[in-house]
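S.K.: Contents of query.tsv (TSV, C-alpha atoms and all ligand atoms) are below:
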```tsv
chain	number	residue	atom	x	y	z
A	1	MET	CA	158.00	-99.55	-53.77
A	2	ASN	CA	155.31	-96.95	-54.32
A	3	GLY	CA	151.81	-97.75	-55.49
A	4	VAL	CA	149.84	-96.13	-58.26
A	5	ALA	CA	148.65	-93.67	-55.59
A	6	ASN	CA	145.25	-93.20	-57.14
A	7	ILE	CA	143.39	-93.34	-53.85
A	8	LYS	CA	140.66	-90.70	-53.72
A	9	TRP	CA	140.83	-88.80	-50.41
A	10	VAL	CA	137.68	-87.11	-49.11
A	11	GLU	CA	137.90	-85.03	-45.94
A	12	ALA	CA	134.64	-84.88	-43.97
A	13	ALA	CA	133.85	-82.04	-41.56
A	14	SER	CA	132.43	-84.39	-38.96
A	15	TYR	CA	131.83	-88.02	-38.09
A	16	GLU	CA	128.21	-87.63	-39.24
A	17	GLU	CA	129.28	-86.22	-42.58
A	18	MET	CA	131.79	-89.06	-43.07
A	19	SER	CA	129.02	-91.57	-42.39
A	20	LYS	CA	126.62	-89.85	-44.80
A	21	ILE	CA	129.13	-89.61	-47.65
A	22	ALA	CA	129.95	-93.30	-47.31
A	23	ALA	CA	126.29	-94.32	-47.07
A	24	ASP	CA	125.49	-92.29	-50.20
A	25	ILE	CA	128.07	-94.27	-52.17
A	26	PHE	CA	126.54	-97.57	-51.04
A	27	LYS	CA	122.99	-96.30	-51.60
A	28	GLU	CA	123.87	-95.33	-55.16
A	29	LYS	CA	125.30	-98.81	-55.81
A	30	LEU	CA	122.17	-100.49	-54.45
A	31	LYS	CA	119.94	-98.27	-56.56
A	32	GLN	CA	121.94	-99.05	-59.71
A	33	ASN	CA	122.06	-102.77	-58.93
A	34	PRO	CA	119.70	-104.14	-56.26
A	35	ALA	CA	121.64	-107.44	-56.39
A	36	THR	CA	124.88	-105.75	-55.28
A	37	VAL	CA	127.36	-107.95	-53.41
A	38	LEU	CA	128.27	-105.90	-50.34
A	39	GLY	CA	131.50	-106.32	-48.39
A	40	LEU	CA	130.84	-105.12	-44.84
A	41	ALA	CA	132.96	-104.13	-41.86
A	42	THR	CA	132.41	-103.86	-38.12
A	43	GLY	CA	133.93	-101.49	-35.55
A	44	GLY	CA	133.00	-98.24	-33.87
A	45	THR	CA	133.79	-96.18	-36.96
A	46	ALA	CA	131.13	-97.89	-39.09
A	47	GLU	CA	128.20	-97.40	-36.67
A	48	GLY	CA	127.09	-94.05	-38.12
A	49	PHE	CA	127.29	-95.49	-41.63
A	50	TYR	CA	124.88	-98.31	-40.74
A	51	LYS	CA	122.51	-95.81	-39.11
A	52	GLU	CA	122.39	-93.93	-42.41
A	53	LEU	CA	121.69	-97.11	-44.39
A	54	VAL	CA	118.88	-98.12	-42.00
A	55	LYS	CA	117.42	-94.62	-42.29
A	56	ALA	CA	117.49	-94.83	-46.09
A	57	TYR	CA	115.84	-98.26	-46.00
A	58	LYS	CA	113.09	-97.04	-43.67
A	59	ALA	CA	112.49	-94.04	-45.94
A	60	GLY	CA	111.98	-96.45	-48.85
A	61	GLU	CA	115.06	-95.20	-50.73
A	62	ILE	CA	116.83	-98.56	-50.87
A	63	SER	CA	116.11	-102.25	-50.42
A	64	PHE	CA	118.44	-105.11	-49.48
A	65	GLU	CA	116.03	-107.79	-50.66
A	66	ASN	CA	118.20	-108.88	-53.56
A	67	ALA	CA	121.57	-107.90	-52.11
A	68	GLN	CA	124.13	-110.24	-50.59
A	69	SER	CA	126.67	-109.45	-47.93
A	70	PHE	CA	130.05	-110.78	-46.88
A	71	ASN	CA	131.61	-109.51	-43.68
A	72	LEU	CA	135.32	-109.05	-43.32
A	73	ASP	CA	136.05	-111.01	-40.19
A	74	GLU	CA	135.00	-112.74	-36.99
A	75	TYR	CA	136.67	-113.77	-33.74
A	76	VAL	CA	137.67	-117.41	-33.34
A	77	GLY	CA	135.85	-119.29	-30.60
A	78	ILE	CA	132.92	-116.90	-30.32
A	79	ASN	CA	129.34	-117.87	-31.23
A	80	PRO	CA	127.17	-115.56	-33.39
A	81	GLU	CA	124.85	-115.05	-30.38
A	82	ASN	CA	127.70	-113.71	-28.25
A	83	LYS	CA	127.26	-109.95	-27.86
A	84	ALA	CA	130.94	-109.36	-28.63
A	85	SER	CA	130.76	-111.31	-31.91
A	86	TYR	CA	130.83	-109.46	-35.20
A	87	HIS	CA	127.79	-111.42	-36.28
A	88	TYR	CA	125.87	-109.95	-33.34
A	89	TYR	CA	127.18	-106.46	-34.17
A	90	MET	CA	125.93	-106.81	-37.75
A	91	ASP	CA	122.51	-108.05	-36.63
A	92	GLN	CA	122.12	-105.07	-34.30
A	93	GLN	CA	123.55	-102.42	-36.61
A	94	LEU	CA	121.90	-103.50	-39.86
A	95	PHE	CA	120.35	-106.88	-40.45
A	96	ILE	CA	117.45	-106.84	-37.96
A	97	HIS	CA	116.39	-103.45	-39.35
A	98	VAL	CA	116.35	-104.19	-43.09
A	99	ASP	CA	114.97	-106.72	-45.57
A	100	MET	CA	118.17	-108.66	-46.29
A	101	LYS	CA	117.43	-112.37	-46.67
A	102	GLN	CA	119.07	-114.53	-44.01
A	103	GLU	CA	120.57	-116.86	-46.63
A	104	ASN	CA	122.28	-113.91	-48.31
A	105	ILE	CA	124.12	-112.83	-45.16
A	106	HIS	CA	127.65	-114.18	-44.74
A	107	VAL	CA	129.98	-113.69	-41.79
A	108	PRO	CA	133.10	-115.87	-41.48
A	109	LYS	CA	132.53	-118.79	-39.12
A	110	GLY	CA	134.69	-118.36	-36.04
A	111	ASN	CA	133.14	-121.17	-34.05
A	112	THR	CA	133.72	-124.12	-36.36
A	113	ALA	CA	136.05	-127.08	-35.82
A	114	ASN	CA	137.68	-126.73	-39.21
A	115	LEU	CA	138.62	-123.08	-39.57
A	116	GLN	CA	140.88	-123.62	-42.57
A	117	ALA	CA	138.06	-125.28	-44.50
A	118	ALA	CA	135.69	-122.46	-43.49
A	119	ALA	CA	138.23	-119.89	-44.74
A	120	ALA	CA	138.65	-121.59	-48.12
A	121	GLU	CA	134.90	-122.00	-48.45
A	122	TYR	CA	134.39	-118.30	-47.74
A	123	ASP	CA	136.56	-117.24	-50.67
A	124	ALA	CA	134.85	-119.84	-52.87
A	125	MET	CA	131.43	-118.42	-51.95
A	126	ILE	CA	132.55	-114.88	-52.79
A	127	LYS	CA	133.89	-116.10	-56.13
A	128	ALA	CA	130.70	-118.03	-56.85
A	129	VAL	CA	128.59	-114.87	-56.65
A	130	GLY	CA	130.94	-112.96	-58.95
A	131	GLY	CA	133.04	-111.16	-56.35
A	132	ILE	CA	132.40	-108.24	-54.02
A	133	ASP	CA	131.07	-105.15	-55.77
A	134	ILE	CA	131.77	-102.69	-52.99
A	135	GLN	CA	133.77	-103.26	-49.82
A	136	LEU	CA	133.57	-101.14	-46.67
A	137	LEU	CA	136.75	-101.01	-44.57
A	138	GLY	CA	137.93	-99.54	-41.31
A	139	ILE	CA	141.58	-99.35	-40.34
A	140	GLY	CA	143.41	-100.29	-37.15
A	141	VAL	CA	145.90	-97.93	-35.51
A	142	ASN	CA	148.54	-100.39	-36.75
A	143	GLY	CA	147.20	-100.24	-40.30
A	144	HIS	CA	145.32	-103.51	-40.23
A	145	ILE	CA	142.40	-103.96	-42.64
A	146	GLY	CA	139.99	-106.70	-41.73
A	147	PHE	CA	142.10	-108.47	-39.12
A	148	ASN	CA	145.16	-108.64	-41.37
A	149	GLU	CA	147.83	-107.58	-38.94
A	150	PRO	CA	151.23	-106.09	-39.96
A	151	GLY	CA	153.38	-108.64	-41.76
A	152	THR	CA	150.48	-110.43	-43.47
A	153	PRO	CA	151.47	-111.31	-47.04
A	154	PHE	CA	149.40	-109.45	-49.61
A	155	THR	CA	148.84	-112.69	-51.51
A	156	VAL	CA	146.68	-114.50	-48.95
A	157	GLY	CA	142.94	-115.09	-49.13
A	158	THR	CA	140.62	-115.63	-46.18
A	159	ASN	CA	142.65	-117.11	-43.34
A	160	VAL	CA	143.08	-117.51	-39.60
A	161	ILE	CA	145.37	-115.01	-37.90
A	162	GLU	CA	146.72	-114.30	-34.45
A	163	LEU	CA	145.64	-110.92	-33.13
A	164	THR	CA	148.33	-108.53	-31.99
A	165	GLN	CA	148.36	-107.25	-28.43
A	166	SER	CA	147.51	-103.72	-29.64
A	167	THR	CA	144.42	-104.97	-31.47
A	168	ARG	CA	143.28	-107.00	-28.45
A	169	GLU	CA	143.81	-103.90	-26.26
A	170	ALA	CA	141.84	-101.70	-28.69
A	171	ASN	CA	138.95	-104.17	-28.70
A	172	LYS	CA	138.82	-105.03	-25.01
A	173	ILE	CA	136.08	-102.43	-24.47
A	174	TYR	CA	133.68	-104.94	-26.04
A	175	PHE	CA	134.60	-107.63	-23.46
A	176	ASN	CA	134.64	-107.87	-19.67
A	177	SER	CA	138.43	-108.03	-19.58
A	178	ILE	CA	141.46	-108.39	-21.84
A	179	ASP	CA	141.61	-112.10	-20.95
A	180	GLU	CA	138.26	-112.62	-22.67
A	181	VAL	CA	139.40	-111.04	-25.94
A	182	PRO	CA	140.02	-113.90	-28.38
A	183	THR	CA	143.60	-114.48	-29.46
A	184	HIS	CA	142.69	-115.41	-33.04
A	185	ALA	CA	140.30	-114.35	-35.76
A	186	ILE	CA	139.21	-115.49	-39.20
A	187	THR	CA	139.50	-112.71	-41.76
A	188	MET	CA	139.23	-112.06	-45.46
A	189	GLY	CA	142.83	-111.86	-46.66
A	190	ILE	CA	144.42	-108.85	-48.29
A	191	GLN	CA	144.00	-110.63	-51.62
A	192	THR	CA	140.26	-111.10	-50.97
A	193	ILE	CA	139.94	-107.39	-50.20
A	194	MET	CA	142.00	-106.40	-53.24
A	195	ASN	CA	139.66	-108.45	-55.45
A	196	ALA	CA	136.69	-106.23	-54.47
A	197	LYS	CA	135.70	-104.03	-57.39
A	198	LYS	CA	135.39	-100.88	-55.26
A	199	VAL	CA	136.67	-100.07	-51.77
A	200	VAL	CA	135.47	-97.41	-49.32
A	201	LEU	CA	137.68	-96.90	-46.28
A	202	LEU	CA	136.43	-94.93	-43.27
A	203	ILE	CA	138.87	-93.31	-40.86
A	204	SER	CA	137.76	-91.32	-37.85
A	205	GLY	CA	139.41	-89.97	-34.74
A	206	ALA	CA	142.74	-88.56	-33.64
A	207	SER	CA	144.14	-92.02	-32.81
A	208	LYS	CA	144.14	-92.83	-36.53
A	209	GLN	CA	146.14	-89.78	-37.65
A	210	LYS	CA	149.40	-91.72	-37.90
A	211	ALA	CA	147.67	-94.38	-40.00
A	212	ILE	CA	146.29	-91.65	-42.30
A	213	ASN	CA	149.77	-90.16	-42.75
A	214	ARG	CA	151.33	-93.51	-43.49
A	215	LEU	CA	148.67	-94.45	-46.02
A	216	ARG	CA	148.99	-91.03	-47.64
A	217	SER	CA	152.74	-91.48	-48.06
A	218	GLY	CA	152.03	-93.97	-50.85
A	219	GLU	CA	154.61	-96.43	-49.53
A	220	VAL	CA	153.54	-100.04	-50.16
A	221	THR	CA	154.73	-102.45	-47.48
A	222	GLU	CA	153.43	-105.58	-45.77
A	223	ASP	CA	154.35	-103.91	-42.45
A	224	PHE	CA	151.37	-101.65	-43.03
A	225	PRO	CA	148.54	-103.79	-44.43
A	226	ALA	CA	146.32	-100.91	-45.62
A	227	SER	CA	149.13	-99.80	-47.93
A	228	ALA	CA	148.12	-102.63	-50.31
A	229	LEU	CA	145.23	-100.34	-51.25
A	230	ASN	CA	147.68	-98.07	-53.07
A	231	ASN	CA	147.67	-100.77	-55.74
A	232	HIS	CA	143.88	-100.97	-56.03
A	233	GLN	CA	142.21	-99.12	-58.89
A	234	ASP	CA	139.13	-97.81	-57.06
A	235	VAL	CA	139.58	-96.76	-53.44
A	236	THR	CA	137.87	-93.85	-51.71
A	237	VAL	CA	139.07	-92.91	-48.24
A	238	ILE	CA	136.63	-90.77	-46.25
A	239	TYR	CA	138.27	-89.36	-43.16
A	240	THR	CA	137.69	-86.97	-40.33
A	241	GLY	CA	139.87	-86.06	-37.41
A	242	LEU	CA	136.84	-85.68	-35.20
A	243	LYS	CA	134.42	-88.13	-33.76
A	301	LIG	P1	137.28	-99.19	-35.16
A	301	LIG	O1	137.92	-100.48	-35.83
A	301	LIG	O2	136.34	-98.61	-36.16
A	301	LIG	O3	136.55	-99.75	-33.96
A	301	LIG	O4	138.41	-98.30	-34.83
A	301	LIG	C1	138.48	-100.38	-37.10
A	301	LIG	C2	139.43	-101.53	-37.33
A	301	LIG	O5	140.12	-101.96	-36.38
A	301	LIG	O6	139.51	-102.00	-38.48
```
What is this structure when it is put down as structure tokens?
Ligand code: PGA
M.R.:
Amino acid sequence: MNGVANIKWVEAASYEEMSKIAADIFKEKLKQNPATVLGLATGGTAEGFYKELVKAYKAGEISFENAQSFNLDEYVGINPENKASYHYYMDQQLFIHVDMKQENIHVPKGNTANLQAAAAEYDAMIKAVGGIDIQLLGIGVNGHIGFNEPGTPFTVGTNVIELTQSTREANKIYFNSIDEVPTHAITMGIQTIMNAKKVVLLISGASKQKAINRLRSGEVTEDFPASALNNHQDVTVIYTGLK
């Protein structure tokens, strides 16, 4: 099955340019609607993007005072204070630098006793604020978006998943050893991501070339989670082979 293939592809000349183009799209949204509901992502690829947003905030171009944010995912069994947690990443990359209100920041709870309830509540919270206006995504070498690993049904909302070995290997640089990398994560589901009104996907580095090619083929398959985006009406992919 092929998707509508209306993804907009933007090639950036450098990692910095990719980050700037993406930040400009988010800045524009925030200027148009200061109460924008942001969907945010973690990972090495997004670091330059957050630097650009912080720069724009410090220059007085944008404010996050009325914005809300929902992050894609979090490791299971890791506290927000843990330096390897995605909550900690977000604090360091963005939240401690800008005027976002604490109560408007949402990261899935990975350290709660009832993960299923936390997952259902997360989707309910997103719905209650009218849905995500603009969602930032990265992509795994295996095509995962959020932590939706290959084989995830496209119909699921926020849920708990088992991380693949390749994902744990890719992320072990943030831990002391592979044994410390959590085995599970809580992640927005593909359906949650597809419900976002606009999606911006960042891809950087030679290791992602295969993922770029597969996404570009237009094939839609649960074996390659990002391919669901072929059926979304407003996706911009900003990519660069260099980092
Ligand atoms: P990365 O992560 O930016 O660190 O490569 C992206 C992802 O796995 O979604």
S.K.: Could you work out how far CA of Leu136 (chain A) lies from CA of Ala119 (chain A), giving the answer in Å with one decimal?
M.R.: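 Interatomic distance, CA of Ala119 (chain A) to CA of Leu136 (chain A): 19.4 Å.
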S.K.: Between CA of Ile161 (chain A) and CA of Asp223 (chain A), what distance in Å does the model show, to one decimal?
M.R.: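 Atom-to-atom, CA of Ile161 (chain A) to CA of Asp223 (chain A), that is 15.0 Å.
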S.K.: Please indicate the distance in Å from CA of Asp179 (chain A) to CA of Ile203 (chain A), rounded to one decimal place.
M.R.: 27.5 Å
S.K.: Residues at most 6 Å from ligand LIG 301 (chain A), using all atoms listed in the file? Could they come as a compact mmCIF listing (two decimals) with C-alpha atoms, in the frame of the given file?
M.R.:
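out31.txt, freshly written:
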```
# COMPACT_ATOMS: atom_id res chain seq x y z
CA GLY A 43 133.93 -101.49 -35.55
CA GLY A 44 133.00 -98.24 -33.87
CA THR A 45 133.79 -96.18 -36.96
CA GLY A 138 137.93 -99.54 -41.31
CA ILE A 139 141.58 -99.35 -40.34
CA GLY A 140 143.41 -100.29 -37.15
CA ILE A 145 142.40 -103.96 -42.64
CA GLY A 146 139.99 -106.70 -41.73
```
S.K.: So which residues touch Asp123 (chain A) within 8 Å, counting all atoms listed in the file, skipping near sequence neighbours fewer than 5 positions away, as a list of chain:residue names?
M.R.: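 Near Asp123 (chain A), the qualifying residues are A:Gly157, A:Thr158, A:Met188, A:Thr192.
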S.K.: The selected residues should be written to file as a short mmCIF file (atom, residue, chain, number, x, y, z; two decimals), keeping the file's coordinate frame (atoms: C-alpha atoms).
M.R.:
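And here is the file that came out, result30.cif:
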```
data_model
loop_
_atom_site.label_atom_id
_atom_site.label_comp_id
_atom_site.auth_asym_id
_atom_site.auth_seq_id
_atom_site.Cartn_x
_atom_site.Cartn_y
_atom_site.Cartn_z
CA GLY A 157 142.94 -115.09 -49.13
CA THR A 158 140.62 -115.63 -46.18
CA MET A 188 139.23 -112.06 -45.46
CA THR A 192 140.26 -111.10 -50.97
#
```
S.K.: Calculated over all atoms listed in the file, which of the candidates A:Ile178, A:Ala41, A:Leu30, A:Val160 has the smallest distance to Leu72 (chain A)?
M.R.: A:Ala41
S.K.: Assuming 3 Å of padding per side, give the centre and edge lengths of the axis-aligned box around every listed atom of region 67-79 of chain A, in Å to one decimal and as AutoDock Vina command-line options.
M.R.:
```
--center_x 129.6 --center_y -113.6 --center_z -41.2 --size_x 22.1 --size_y 17.4 --size_z 27.8
```
S.K.: Between A:Val235, A:Ala170, A:Ile132, A:Ile78, which residue has the minimum interatomic distance to Asn6 (chain A), considering only C-alpha atoms?
M.R.: A:Val235
S.K.: Which residue out of A:Tyr239, A:Tyr89, A:Phe224, A:Phe147 has the minimum interatomic distance to Arg168 (chain A) when only C-alpha atoms are used?
M.R.: A:Phe147
S.K.: Env of Val54 (chain A): 10 Å cut, atoms = all atoms listed in the file, seq-sep filter 2 positions within chain, self excluded. Answer as a PyMOL selection string.
M.R.: chain A and resi 23+48-52+56-63+93-98
S.K.: Name the residues within 9 Å of (135.5, -102.8, -48.6), counting all atoms listed in the file in the file's coordinates, and put them as a ChimeraX atom specification.
M.R.: /A:38-41,72,132-138,193-194,196-201,235
S.K.: Around the point (126.4, -111.3, -33.9) (coordinates from the file), which residues reach within 12 Å if we count all atoms listed in the file? Answer as a PyMOL selection string.
M.R.: chain A and resi 42+71+73-75+78-96+105-111
S.K.: Which one of A:Val141, A:Glu162, A:Asn230, A:Glu47 sits closest to Met18 (chain A) if you count all atoms listed in the file?
M.R.: A:Glu47
S.K.: From the options A:Ala46, A:Val156, A:Ala35, A:Ala128, which residue's atoms come nearest to Met100 (chain A), counting all atoms listed in the file?
M.R.: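 Smallest distance to Met100 (chain A) is found for A:Ala35.
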S.K.: With only C-alpha atoms as the atoms that count, which of A:Ser166, A:Thr240, A:Asn195, A:Asn142 lies nearest to Ala211 (chain A)?
M.R.: A:Asn142
